[in-house]
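File shown: data37.cif. Contents: mmCIF, C-alpha atoms.
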```
data_run
loop_
_atom_site.group_PDB
_atom_site.id
_atom_site.type_symbol
_atom_site.label_atom_id
_atom_site.label_comp_id
_atom_site.auth_asym_id
_atom_site.auth_seq_id
_atom_site.Cartn_x
_atom_site.Cartn_y
_atom_site.Cartn_z
ATOM 1 C CA MET A 245 -135.830 -88.445 -137.677
ATOM 2 C CA ASP A 246 -134.333 -91.590 -136.274
ATOM 3 C CA MET A 247 -130.962 -90.415 -137.533
ATOM 4 C CA MET A 248 -130.986 -87.905 -134.716
ATOM 5 C CA LYS A 249 -131.163 -90.648 -132.087
ATOM 6 C CA ASP A 250 -128.156 -91.141 -129.906
ATOM 7 C CA LYS A 251 -127.682 -94.888 -129.554
ATOM 8 C CA ALA A 252 -125.981 -94.743 -126.157
ATOM 9 C CA LEU A 253 -128.657 -92.491 -124.705
ATOM 10 C CA GLU A 254 -131.426 -94.619 -126.163
ATOM 11 C CA GLU A 255 -129.952 -97.740 -124.611
ATOM 12 C CA LEU A 256 -129.530 -95.971 -121.290
ATOM 13 C CA PHE A 257 -133.168 -94.865 -121.278
ATOM 14 C CA LEU A 258 -134.405 -98.301 -122.267
ATOM 15 C CA ALA A 259 -132.244 -99.997 -119.638
ATOM 16 C CA GLN A 260 -133.616 -97.720 -116.943
ATOM 17 C CA LYS A 261 -137.238 -97.950 -118.033
ATOM 18 C CA PRO A 262 -139.142 -98.158 -114.743
ATOM 19 C CA HIS A 263 -141.324 -101.120 -113.887
ATOM 20 C CA PHE A 264 -144.038 -100.444 -111.374
ATOM 21 C CA THR A 265 -145.176 -103.044 -108.915
ATOM 22 C CA ASP A 266 -147.997 -100.970 -107.406
ATOM 23 C CA ASN A 267 -150.251 -100.703 -110.448
ATOM 24 C CA ALA A 268 -153.270 -102.053 -108.576
ATOM 25 C CA ASP A 269 -152.808 -99.519 -105.758
ATOM 26 C CA PHE A 270 -152.438 -96.731 -108.285
ATOM 27 C CA MET A 271 -155.644 -97.717 -110.065
ATOM 28 C CA ALA A 272 -157.490 -98.064 -106.748
ATOM 29 C CA ALA A 273 -156.428 -94.546 -105.740
ATOM 30 C CA LEU A 274 -157.476 -93.242 -109.145
ATOM 31 C CA THR A 275 -160.888 -94.908 -108.909
ATOM 32 C CA LYS A 276 -161.380 -93.291 -105.513
ATOM 33 C CA ARG A 277 -160.552 -89.873 -106.957
ATOM 34 C CA LEU A 278 -162.866 -90.416 -109.909
ATOM 35 C CA ASP A 279 -165.668 -91.330 -107.483
ATOM 36 C CA ALA A 280 -165.121 -88.032 -105.667
ATOM 37 C CA VAL A 281 -165.076 -86.114 -108.962
ATOM 38 C CA GLU A 282 -168.238 -87.874 -110.068
ATOM 39 C CA PHE A 283 -169.942 -86.957 -106.793
ATOM 40 C CA ILE A 284 -169.057 -83.268 -107.191
ATOM 41 C CA LYS A 285 -170.136 -83.281 -110.832
ATOM 42 C CA GLN A 286 -173.481 -84.845 -109.960
ATOM 43 C CA HIS A 287 -173.960 -82.356 -107.132
ATOM 44 C CA GLN A 288 -173.327 -79.431 -109.503
ATOM 45 C CA GLU A 289 -175.679 -80.836 -112.116
ATOM 46 C CA ALA A 290 -178.357 -81.406 -109.469
ATOM 47 C CA THR A 291 -177.974 -77.788 -108.319
ATOM 48 C CA ILE A 292 -178.442 -76.546 -111.885
ATOM 49 C CA ARG A 293 -181.499 -78.776 -112.300
ATOM 50 C CA ARG A 294 -182.951 -77.459 -109.026
ATOM 51 C CA TYR A 295 -182.393 -73.874 -110.166
ATOM 52 C CA LYS A 296 -184.156 -74.607 -113.436
ATOM 53 C CA MET A 297 -187.117 -76.205 -111.667
ATOM 54 C CA LEU A 298 -187.402 -73.249 -109.304
ATOM 55 C CA MET A 299 -187.291 -70.853 -112.211
ATOM 56 C CA VAL A 300 -189.994 -72.699 -114.122
ATOM 57 C CA ALA A 301 -192.141 -72.886 -110.966
ATOM 58 C CA ALA A 302 -191.690 -69.150 -110.299
ATOM 59 C CA PHE A 303 -192.557 -68.402 -113.901
ATOM 60 C CA VAL A 304 -195.734 -70.496 -113.845
ATOM 61 C CA VAL A 305 -196.861 -69.118 -110.468
ATOM 62 C CA GLY A 306 -196.161 -65.576 -111.681
ATOM 63 C CA ILE A 307 -198.112 -66.051 -114.903
ATOM 64 C CA ILE A 308 -201.101 -67.613 -113.131
ATOM 65 C CA SER A 309 -201.257 -65.103 -110.267
ATOM 66 C CA GLY A 310 -200.700 -62.208 -112.683
ATOM 67 C CA ALA A 311 -203.477 -63.437 -114.949
ATOM 68 C CA VAL A 312 -205.835 -63.916 -111.976
ATOM 69 C CA ALA A 313 -205.059 -60.461 -110.598
ATOM 70 C CA ILE A 314 -205.464 -58.722 -113.964
ATOM 71 C CA THR A 315 -208.699 -60.595 -114.646
ATOM 72 C CA TYR A 316 -210.011 -59.565 -111.242
ATOM 73 C CA LEU A 317 -208.967 -55.949 -111.832
ATOM 74 C CA LEU A 318 -210.615 -55.823 -115.235
ATOM 75 C CA SER A 319 -213.763 -57.657 -114.148
ATOM 76 C CA THR A 320 -214.671 -55.255 -111.347
ATOM 77 C CA PRO A 321 -216.560 -52.036 -112.182
ATOM 78 C CA VAL A 322 -214.329 -48.977 -112.442
ATOM 79 C CA ASP A 323 -216.335 -46.932 -109.930
ATOM 80 C CA VAL A 324 -216.374 -49.669 -107.262
ATOM 81 C CA PRO A 325 -213.245 -49.656 -105.019
ATOM 82 C CA LEU A 326 -211.247 -52.887 -104.896
ATOM 83 C CA PHE A 327 -211.113 -52.843 -101.099
ATOM 84 C CA THR A 328 -212.838 -50.905 -98.295
ATOM 85 C CA PHE A 329 -212.149 -50.313 -94.581
ATOM 86 C CA GLN A 330 -214.524 -50.387 -91.635
ATOM 87 C CA VAL A 331 -213.042 -47.221 -90.150
ATOM 88 C CA GLN A 332 -213.452 -44.059 -92.206
ATOM 89 C CA THR A 333 -210.473 -41.737 -91.760
ATOM 90 C CA GLY A 334 -208.944 -39.334 -94.272
ATOM 91 C CA PHE A 335 -205.997 -41.534 -95.170
ATOM 92 C CA LEU A 336 -208.015 -44.753 -95.391
ATOM 93 C CA LEU A 337 -210.586 -43.033 -97.557
ATOM 94 C CA TRP A 338 -207.786 -41.888 -99.840
ATOM 95 C CA LEU A 339 -206.512 -45.497 -99.999
ATOM 96 C CA VAL A 340 -209.980 -46.761 -100.902
ATOM 97 C CA GLU A 341 -210.289 -44.078 -103.548
ATOM 98 C CA LYS A 342 -206.965 -45.010 -105.119
ATOM 99 C CA SER A 343 -207.413 -48.778 -104.591
ATOM 100 C CA ARG A 344 -207.190 -49.643 -108.301
ATOM 101 C CA LEU A 345 -204.062 -47.587 -108.746
ATOM 102 C CA ILE A 346 -202.487 -49.101 -105.626
ATOM 103 C CA ALA A 347 -203.359 -52.655 -106.724
ATOM 104 C CA ALA A 348 -201.982 -51.997 -110.226
ATOM 105 C CA THR A 349 -198.765 -50.549 -108.773
ATOM 106 C CA GLY A 350 -198.373 -53.514 -106.390
ATOM 107 C CA LEU A 351 -198.945 -55.920 -109.235
ATOM 108 C CA SER A 352 -196.373 -54.146 -111.424
ATOM 109 C CA LEU A 353 -193.862 -54.256 -108.566
ATOM 110 C CA LEU A 354 -194.428 -57.979 -108.086
ATOM 111 C CA MET A 355 -194.010 -58.602 -111.805
ATOM 112 C CA THR A 356 -190.816 -56.534 -111.878
ATOM 113 C CA ILE A 357 -189.363 -58.471 -108.941
ATOM 114 C CA GLY A 358 -190.379 -61.736 -110.636
ATOM 115 C CA ILE A 359 -188.729 -60.749 -113.920
ATOM 116 C CA ILE A 360 -185.539 -59.645 -112.116
ATOM 117 C CA SER A 361 -185.397 -62.907 -110.178
ATOM 118 C CA ILE A 362 -185.912 -64.953 -113.346
ATOM 119 C CA ILE A 363 -183.155 -63.026 -115.134
ATOM 120 C CA SER A 364 -180.767 -63.454 -112.196
ATOM 121 C CA ASN A 365 -181.554 -67.186 -112.035
ATOM 122 C CA VAL A 366 -180.866 -67.536 -115.756
ATOM 123 C CA GLN A 367 -177.568 -65.687 -115.280
ATOM 124 C CA ASP A 368 -176.673 -67.942 -112.323
ATOM 125 C CA ILE A 369 -177.343 -71.042 -114.387
ATOM 126 C CA GLN A 370 -175.303 -69.685 -117.293
ATOM 127 C CA ARG A 371 -172.444 -68.782 -114.924
ATOM 128 C CA MET A 372 -172.486 -72.261 -113.379
ATOM 129 C CA ARG A 373 -172.509 -73.847 -116.832
ATOM 130 C CA VAL A 374 -169.575 -71.686 -117.939
ATOM 131 C CA CYS A 375 -167.674 -72.625 -114.762
ATOM 132 C CA LEU A 376 -168.373 -76.309 -115.331
ATOM 133 C CA LYS A 377 -167.306 -76.110 -118.973
ATOM 134 C CA ALA A 378 -164.235 -74.035 -118.113
ATOM 135 C CA SER A 379 -163.103 -76.523 -115.491
ATOM 136 C CA GLN A 380 -163.624 -79.362 -117.952
ATOM 137 C CA LYS A 381 -161.822 -77.492 -120.723
ATOM 138 C CA ASP A 382 -159.068 -76.515 -118.314
ATOM 139 C CA SER A 383 -158.473 -80.082 -117.451
ATOM 140 C CA GLY A 384 -158.147 -80.973 -121.060
ATOM 141 C CA GLU A 385 -155.914 -78.139 -122.147
ATOM 142 C CA SER A 386 -153.844 -77.289 -119.096
ATOM 143 C CA MET B 669 -166.197 -92.068 -123.573
ATOM 144 C CA THR B 670 -167.763 -93.918 -120.658
ATOM 145 C CA ARG B 671 -166.083 -94.277 -117.288
ATOM 146 C CA GLU B 672 -165.536 -98.003 -117.826
ATOM 147 C CA VAL B 673 -163.843 -97.441 -121.192
ATOM 148 C CA PHE B 674 -161.739 -94.638 -119.706
ATOM 149 C CA ILE B 675 -160.569 -96.805 -116.804
ATOM 150 C CA ALA B 676 -159.808 -99.717 -119.123
ATOM 151 C CA ASP B 677 -157.757 -97.465 -121.425
ATOM 152 C CA VAL B 678 -155.945 -95.904 -118.470
ATOM 153 C CA GLU B 679 -155.153 -99.313 -117.042
ATOM 154 C CA ARG B 680 -153.412 -100.111 -120.311
ATOM 155 C CA GLU B 681 -151.479 -96.840 -120.525
ATOM 156 C CA GLN B 682 -150.795 -95.949 -116.906
ATOM 157 C CA GLU B 683 -147.369 -97.535 -116.732
ATOM 158 C CA ALA B 684 -146.091 -95.558 -119.728
ATOM 159 C CA LEU B 685 -147.611 -92.377 -118.329
ATOM 160 C CA ARG B 686 -146.092 -92.912 -114.891
ATOM 161 C CA GLY B 687 -142.728 -93.684 -116.459
ATOM 162 C CA PHE B 688 -142.880 -90.457 -118.437
ATOM 163 C CA LEU B 689 -143.784 -88.398 -115.371
ATOM 164 C CA LEU B 690 -141.191 -90.195 -113.277
ATOM 165 C CA ALA B 691 -138.523 -89.071 -115.736
ATOM 166 C CA LEU B 692 -139.925 -85.525 -115.759
ATOM 167 C CA CYS B 693 -139.878 -85.508 -111.948
ATOM 168 C CA CYS B 694 -136.302 -86.838 -112.076
ATOM 169 C CA GLY B 695 -137.072 -90.024 -110.199
ATOM 170 C CA ARG B 696 -139.309 -88.584 -107.470
ATOM 171 C CA LYS B 697 -141.902 -91.328 -107.541
ATOM 172 C CA ASP B 698 -144.402 -89.785 -105.126
ATOM 173 C CA ASP B 699 -144.460 -86.520 -107.062
ATOM 174 C CA ALA B 700 -144.750 -88.389 -110.343
ATOM 175 C CA ASP B 701 -147.672 -90.482 -109.086
ATOM 176 C CA ASP B 702 -149.460 -87.419 -107.691
ATOM 177 C CA LEU B 703 -149.081 -85.673 -111.031
ATOM 178 C CA ALA B 704 -150.246 -88.795 -112.850
ATOM 179 C CA GLN B 705 -153.376 -88.911 -110.681
ATOM 180 C CA ASP B 706 -154.056 -85.204 -111.282
ATOM 181 C CA ALA B 707 -153.527 -85.585 -114.998
ATOM 182 C CA LEU B 708 -155.839 -88.597 -115.156
ATOM 183 C CA VAL B 709 -158.595 -86.785 -113.256
ATOM 184 C CA LYS B 710 -158.256 -83.887 -115.706
ATOM 185 C CA ALA B 711 -158.349 -86.332 -118.583
ATOM 186 C CA TYR B 712 -161.476 -87.943 -117.146
ATOM 187 C CA LEU B 713 -163.187 -84.552 -116.828
ATOM 188 C CA SER B 714 -162.480 -83.720 -120.444
ATOM 189 C CA SER B 715 -162.990 -87.246 -121.747
ATOM 190 C CA ALA B 716 -166.471 -86.296 -122.962
ATOM 191 C CA GLY B 717 -164.837 -84.171 -125.649
ATOM 192 C CA TYR B 718 -162.249 -86.782 -126.586
ATOM 193 C CA GLN B 719 -162.765 -88.336 -129.968
ATOM 194 C CA ASP B 720 -161.167 -91.716 -130.327
ATOM 195 C CA LYS B 721 -158.590 -91.430 -133.064
ATOM 196 C CA GLY B 722 -156.354 -94.148 -131.718
ATOM 197 C CA LYS B 723 -154.168 -91.572 -129.990
ATOM 198 C CA PHE B 724 -155.303 -92.008 -126.424
ATOM 199 C CA ARG B 725 -151.736 -92.278 -125.146
ATOM 200 C CA SER B 726 -150.628 -89.054 -126.873
ATOM 201 C CA TRP B 727 -153.693 -87.287 -125.530
ATOM 202 C CA LEU B 728 -152.895 -88.472 -121.995
ATOM 203 C CA PHE B 729 -149.255 -87.449 -122.392
ATOM 204 C CA LYS B 730 -150.307 -83.988 -123.540
ATOM 205 C CA ILE B 731 -152.460 -83.525 -120.439
ATOM 206 C CA ALA B 732 -149.701 -84.938 -118.229
ATOM 207 C CA TYR B 733 -147.107 -82.648 -119.811
ATOM 208 C CA ASN B 734 -149.300 -79.582 -119.195
ATOM 209 C CA THR B 735 -150.026 -80.726 -115.650
ATOM 210 C CA PHE B 736 -146.299 -81.093 -115.061
ATOM 211 C CA LEU B 737 -145.578 -77.593 -116.436
ATOM 212 C CA ASN B 738 -148.334 -76.062 -114.298
ATOM 213 C CA HIS B 739 -147.039 -77.874 -111.239
ATOM 214 C CA LYS B 740 -143.508 -76.738 -112.027
ATOM 215 C CA ALA B 741 -144.665 -73.133 -112.424
ATOM 216 C CA SER B 742 -146.542 -73.206 -109.132
ATOM 217 C CA LEU B 743 -143.498 -74.586 -107.328
ATOM 218 C CA ARG B 744 -140.935 -72.279 -108.902
ATOM 219 C CA CYS B 745 -140.125 -70.375 -105.724
ATOM 220 C CA THR B 746 -139.879 -73.371 -103.405
ATOM 221 C CA GLU B 747 -138.198 -75.691 -105.875
ATOM 222 C CA SER B 748 -134.595 -75.130 -104.813
ATOM 223 C CA ILE B 749 -135.496 -75.882 -101.191
ATOM 224 C CA ASP B 750 -137.389 -78.997 -102.239
ATOM 225 C CA GLU B 751 -134.541 -80.200 -104.402
ATOM 226 C CA ALA B 752 -132.049 -79.706 -101.612
ATOM 227 C CA ARG B 753 -134.342 -81.620 -99.285
ATOM 228 C CA THR B 754 -134.736 -84.435 -101.802
ATOM 229 C CA LEU B 755 -131.008 -84.718 -102.301
ATOM 230 C CA VAL B 756 -130.371 -84.790 -98.572
ATOM 231 C CA SER B 757 -132.958 -87.422 -97.698
ATOM 232 C CA SER B 758 -131.893 -90.863 -98.768
ATOM 233 C CA SER B 759 -134.404 -92.842 -96.761
ATOM 234 C CA ASN B 760 -137.294 -92.167 -99.170
ATOM 235 C CA ALA B 761 -139.120 -95.124 -100.652
ATOM 236 C CA ASP B 762 -138.311 -93.841 -104.122
ATOM 237 C CA SER B 763 -134.575 -93.581 -103.561
ATOM 238 C CA GLU B 764 -134.047 -96.490 -105.932
ATOM 239 C CA PHE B 765 -135.236 -94.209 -108.737
ATOM 240 C CA GLU B 766 -133.860 -91.000 -107.375
ATOM 241 C CA HIS B 767 -130.202 -91.838 -107.298
ATOM 242 C CA GLN B 768 -129.908 -93.262 -110.729
ATOM 243 C CA ASP B 769 -127.437 -91.311 -112.790
ATOM 244 C CA LEU B 770 -129.896 -90.745 -115.577
ATOM 245 C CA TYR B 771 -132.432 -89.070 -113.314
ATOM 246 C CA LEU B 772 -129.765 -86.945 -111.713
ATOM 247 C CA ALA B 773 -128.611 -85.880 -115.157
ATOM 248 C CA LEU B 774 -132.187 -85.171 -116.246
ATOM 249 C CA ARG B 775 -132.515 -82.870 -113.250
ATOM 250 C CA THR B 776 -130.032 -80.486 -114.854
ATOM 251 C CA LEU B 777 -132.239 -80.009 -117.933
ATOM 252 C CA PRO B 778 -134.973 -77.361 -118.178
ATOM 253 C CA PRO B 779 -138.483 -78.899 -118.153
ATOM 254 C CA LYS B 780 -139.072 -78.497 -121.893
ATOM 255 C CA GLU B 781 -135.786 -80.124 -122.870
ATOM 256 C CA ARG B 782 -136.382 -82.849 -120.301
ATOM 257 C CA SER B 783 -139.839 -83.519 -121.757
ATOM 258 C CA ALA B 784 -138.575 -83.635 -125.338
ATOM 259 C CA ILE B 785 -135.718 -85.969 -124.421
ATOM 260 C CA THR B 786 -137.976 -88.259 -122.371
ATOM 261 C CA LEU B 787 -140.652 -88.463 -125.039
ATOM 262 C CA PHE B 788 -138.033 -89.149 -127.695
ATOM 263 C CA TYR B 789 -135.855 -91.698 -125.936
ATOM 264 C CA LEU B 790 -138.088 -93.258 -123.286
ATOM 265 C CA ASN B 791 -141.447 -93.252 -125.029
ATOM 266 C CA GLY B 792 -140.263 -93.513 -128.613
ATOM 267 C CA TYR B 793 -142.216 -90.587 -130.062
ATOM 268 C CA ASN B 794 -140.952 -88.889 -133.216
ATOM 269 C CA ILE B 795 -140.383 -85.141 -133.538
ATOM 270 C CA LYS B 796 -143.765 -84.465 -135.130
ATOM 271 C CA GLU B 797 -145.582 -86.287 -132.330
ATOM 272 C CA ILE B 798 -143.539 -84.525 -129.646
ATOM 273 C CA ALA B 799 -144.366 -81.179 -131.264
ATOM 274 C CA ALA B 800 -148.062 -82.105 -131.097
ATOM 275 C CA ILE B 801 -147.857 -83.202 -127.447
ATOM 276 C CA THR B 802 -145.877 -80.188 -126.268
ATOM 277 C CA GLU B 803 -147.679 -77.788 -128.618
ATOM 278 C CA THR B 804 -144.469 -76.370 -130.060
ATOM 279 C CA SER B 805 -142.970 -76.292 -133.516
ATOM 280 C CA GLU B 806 -140.908 -79.154 -134.861
ATOM 281 C CA ASP B 807 -137.878 -76.845 -135.077
ATOM 282 C CA ALA B 808 -138.219 -75.987 -131.410
ATOM 283 C CA VAL B 809 -138.383 -79.688 -130.539
ATOM 284 C CA LYS B 810 -135.268 -80.366 -132.624
ATOM 285 C CA LYS B 811 -133.421 -77.609 -130.764
ATOM 286 C CA GLN B 812 -134.603 -78.902 -127.387
ATOM 287 C CA LEU B 813 -133.498 -82.408 -128.309
ATOM 288 C CA SER B 814 -130.133 -81.254 -129.527
ATOM 289 C CA ARG B 815 -129.434 -79.101 -126.462
ATOM 290 C CA GLY B 816 -130.771 -81.699 -124.069
ATOM 291 C CA ARG B 817 -128.767 -84.452 -125.665
ATOM 292 C CA ASP B 818 -125.531 -82.441 -125.441
ATOM 293 C CA LYS B 819 -126.126 -81.676 -121.783
ATOM 294 C CA LEU B 820 -126.991 -85.282 -120.971
ATOM 295 C CA ARG B 821 -123.900 -86.566 -122.783
ATOM 296 C CA GLU B 822 -121.803 -84.142 -120.813
ATOM 297 C CA GLN B 823 -123.436 -85.086 -117.512
ATOM 298 C CA LEU B 824 -123.290 -88.792 -118.131
ATOM 299 C CA LYS B 825 -119.816 -88.607 -119.710
ATOM 300 C CA ILE B 826 -120.974 -90.281 -122.909
ATOM 301 C CA ASP B 827 -118.731 -89.937 -125.953
ATOM 302 C CA ASN B 828 -120.143 -88.713 -129.245
ATOM 303 C CA GLY B 829 -121.174 -91.400 -131.714
#
```
So, in terms of structure tokens, how does the structure I just supplied come out?
Amino acid sequence: MDMMKDKALEELFLAQKPHFTDNADFMAALTKRLDAVEFIKQHQEATIRRYKMLMVAAFVVGIISGAVAITYLLSTPVDVPLFTFQVQTGFLLWLVEKSRLIAATGLSLLMTIGIISIISNVQDIQRMRVCLKASQKDSGES
Amino acid sequence: MTREVFIADVEREQEALRGFLLALCCGRKDDADDLAQDALVKAYLSSAGYQDKGKFRSWLFKIAYNTFLNHKASLRCTESIDEARTLVSSSNADSEFEHQDLYLALRTLPPKERSAITLFYLNGYNIKEIAAITETSEDAVKKQLSRGRDKLREQLKIDNG
């Protein structure tokens, strides 16, 4: 391969090899940039951690409140309404009559919202991770 | 790779890297240093995946080369204006680099030929290593070197041999 080298060009390149006198300044500027990058990285990681914590907390609260509500529903006699009103009007009486059904529907709605929020949180975390990895990969490849 | 190790390695290699980018930027020192900083930040971000095989410099050069190409692509439309401006202004701090014949001659080469020539003559890499850094075939590197060399000889009025 060295046979391909042009002596005159090689000498010209070597003679004009630059010598930098501002190496310390360059390294100081780089360190500053790395500090900024580190700060952003830590901030992103902290956000992901916070998301995870929130998700776990929501999951635990959901499980506990769901279990309590179901236990309460199952422990009360079927013919006794779950809630009653002081005033007896047609609509309120209908509500009292259907109290178990209403409570079950409300509970299902809450659980559905909880599941959707957990799924969306998981997707957010995955998206953030992919973004982080992509930016890191990008920097390596591009 | 820890931050301390990365900085220590960069401290050792930064002059070679800046020299390489300075040649690619045809003597525009500010541009070269900006690109070097960008490339080193990118290298730092992907340093977790770097496995030490004693080729830290080649790895840095690869990132720097890609950073240079990306920068070049993003500046394609404004480049002619910038070049005209650079040629006109002679009061820049980097004019000592800028007006050297070699850098002016390098300016006439396309980026890939310029990179191959610089890596070969300035940094002493062989064809196989250049092919690995620029992610091209060895034949392509040979062609780039041959074309680049002919153009440089012509520009610099160097006789064959």
Counting all atoms listed in the file, chain B residues within 8 Å of chain A, as a list of chain:residue names: B:Glu679, B:Glu683, B:Gly687, B:Asp701, B:Gln705, B:Ala707, B:Leu708, B:Val709, B:Lys710, B:Ala711, B:Tyr712, B:Leu713, B:Ser714, B:Ser715, B:Ile731, B:Asn734, B:Thr735, B:Asn738, B:Leu770, B:Tyr789, B:Leu790, B:Asn794, B:Ile795, B:Arg817, B:Arg821, B:Ile826, B:Gly829
Separation of atom CA of Ser726 of chain B from atom CA of Ala799 of chain B, in Å and rounded to one decimal: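 Interatomic distance, atom CA of Ser726 of chain B to atom CA of Ala799 of chain B: 11.0 Å.
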Which residue of A:Val331, A:Leu336, A:Val312, A:Ile362 approaches Lys296 of chain A most closely, using all atoms listed in the file: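 Result for the nearest residue to Lys296 of chain A: A:Ile362.
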Nearest residue to Thr776 of chain B from the set B:Asp818, B:Ala676, B:His739, B:Leu689 (distances using all atoms listed in the file): B:Asp818
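Residue nearest Leu813 of chain B within the list B:Phe688, B:Phe674, B:Tyr771, B:Phe788: B:Phe788 [criterion: smallest interatomic distance, all atoms listed in the file].
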Point-to-point distance in Å for atom CA of Lys811 of chain B and atom CA of Lys740 of chain B: 21.3 Å
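Of the residues listed (A:Met372, A:Leu345, A:Gly358, A:Leu337), A:Gly358 shows the shortest atom-to-atom separation from Met299 of chain A; distances use only C-alpha atoms.
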Answer key for the PyMOL selection byres ((chain A and resi 328) around 10), residues as a list in words: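 Listing what the PyMOL selection byres ((chain A and resi 328) around 10) selects in the shown file: Val324, Pro325, Leu326, Phe327, Phe329, Gln330, Val331, Gln332, Leu336, Leu337, Leu339, Val340, Glu341 and Ser343 of chain A.
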Prev. selection, C-alpha atoms, output as a compact mmCIF listing (two decimals), keeping the file's coordinate frame:
```txt
# COMPACT_ATOMS: atom_id res chain seq x y z
CA VAL A 324 -216.37 -49.67 -107.26
CA PRO A 325 -213.24 -49.66 -105.02
CA LEU A 326 -211.25 -52.89 -104.90
CA PHE A 327 -211.11 -52.84 -101.10
CA PHE A 329 -212.15 -50.31 -94.58
CA GLN A 330 -214.52 -50.39 -91.64
CA VAL A 331 -213.04 -47.22 -90.15
CA GLN A 332 -213.45 -44.06 -92.21
CA LEU A 336 -208.02 -44.75 -95.39
CA LEU A 337 -210.59 -43.03 -97.56
CA LEU A 339 -206.51 -45.50 -100.00
CA VAL A 340 -209.98 -46.76 -100.90
CA GLU A 341 -210.29 -44.08 -103.55
CA SER A 343 -207.41 -48.78 -104.59
```
Let me have the centre and edge lengths of the axis-aligned box enclosing all listed atoms of segment 792-799 of chain B with 4 Å padding on every side, in Å to one decimal, as lines of an AutoDock Vina configuration file.
```
center_x = -142.9
center_y = -87.3
center_z = -131.9
size_x = 13.3
size_y = 20.3
size_z = 14.5
```
Nearest candidate to Tyr718 of chain B (options B:Tyr793, B:Glu681, B:Ser805, B:Thr670; using all atoms listed in the file): B:Thr670
Pairwise distance for atom CA of Arg775 of chain B and atom CA of Arg696 of chain B, rounded to one decimal in Å: 10.6 Å
Leu354 of chain A environment, 9 Å, all atoms listed in the file, sequence neighbours closer than 4 positions dropped, as a ChimeraX atom specification: /A:306,310,349-350,358-359
Rebuild segment 280-291 of chain A to N, CA and C atoms - output it as a PDB file, in the coordinates of the input, please.
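Dumped everything to selection00.pdb:
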```pdb
ATOM      1  N   ALA A 280    -164.942 -89.345-106.284  1.00  0.00           N
ATOM      2  CA  ALA A 280    -165.121 -88.032-105.667  1.00  0.00           C
ATOM      3  C   ALA A 280    -165.486 -86.987-106.718  1.00  0.00           C
ATOM      4  N   VAL A 281    -164.801 -87.060-107.866  1.00  0.00           N
ATOM      5  CA  VAL A 281    -165.076 -86.114-108.962  1.00  0.00           C
ATOM      6  C   VAL A 281    -166.505 -86.295-109.457  1.00  0.00           C
ATOM      7  N   GLU A 282    -166.889 -87.553-109.593  1.00  0.00           N
ATOM      8  CA  GLU A 282    -168.238 -87.874-110.068  1.00  0.00           C
ATOM      9  C   GLU A 282    -169.285 -87.303-109.113  1.00  0.00           C
ATOM     10  N   PHE A 283    -169.006 -87.459-107.819  1.00  0.00           N
ATOM     11  CA  PHE A 283    -169.942 -86.957-106.793  1.00  0.00           C
ATOM     12  C   PHE A 283    -170.104 -85.439-106.928  1.00  0.00           C
ATOM     13  N   ILE A 284    -169.001 -84.729-107.071  1.00  0.00           N
ATOM     14  CA  ILE A 284    -169.057 -83.268-107.191  1.00  0.00           C
ATOM     15  C   ILE A 284    -169.790 -82.860-108.468  1.00  0.00           C
ATOM     16  N   LYS A 285    -169.493 -83.588-109.553  1.00  0.00           N
ATOM     17  CA  LYS A 285    -170.136 -83.281-110.832  1.00  0.00           C
ATOM     18  C   LYS A 285    -171.651 -83.454-110.724  1.00  0.00           C
ATOM     19  N   GLN A 286    -172.045 -84.564-110.107  1.00  0.00           N
ATOM     20  CA  GLN A 286    -173.481 -84.845-109.960  1.00  0.00           C
ATOM     21  C   GLN A 286    -174.148 -83.794-109.082  1.00  0.00           C
ATOM     22  N   HIS A 287    -173.423 -83.372-108.034  1.00  0.00           N
ATOM     23  CA  HIS A 287    -173.960 -82.356-107.132  1.00  0.00           C
ATOM     24  C   HIS A 287    -174.177 -81.041-107.893  1.00  0.00           C
ATOM     25  N   GLN A 288    -173.206 -80.668-108.722  1.00  0.00           N
ATOM     26  CA  GLN A 288    -173.327 -79.431-109.503  1.00  0.00           C
ATOM     27  C   GLN A 288    -174.489 -79.516-110.491  1.00  0.00           C
ATOM     28  N   GLU A 289    -174.596 -80.665-111.145  1.00  0.00           N
ATOM     29  CA  GLU A 289    -175.679 -80.836-112.116  1.00  0.00           C
ATOM     30  C   GLU A 289    -177.036 -80.800-111.423  1.00  0.00           C
ATOM     31  N   ALA A 290    -177.102 -81.412-110.223  1.00  0.00           N
ATOM     32  CA  ALA A 290    -178.357 -81.406-109.469  1.00  0.00           C
ATOM     33  C   ALA A 290    -178.725 -79.982-109.067  1.00  0.00           C
ATOM     34  N   THR A 291    -177.709 -79.182-108.696  1.00  0.00           N
ATOM     35  CA  THR A 291    -177.974 -77.788-108.319  1.00  0.00           C
ATOM     36  C   THR A 291    -178.534 -77.014-109.507  1.00  0.00           C
TER      37      THR A 291
END
```
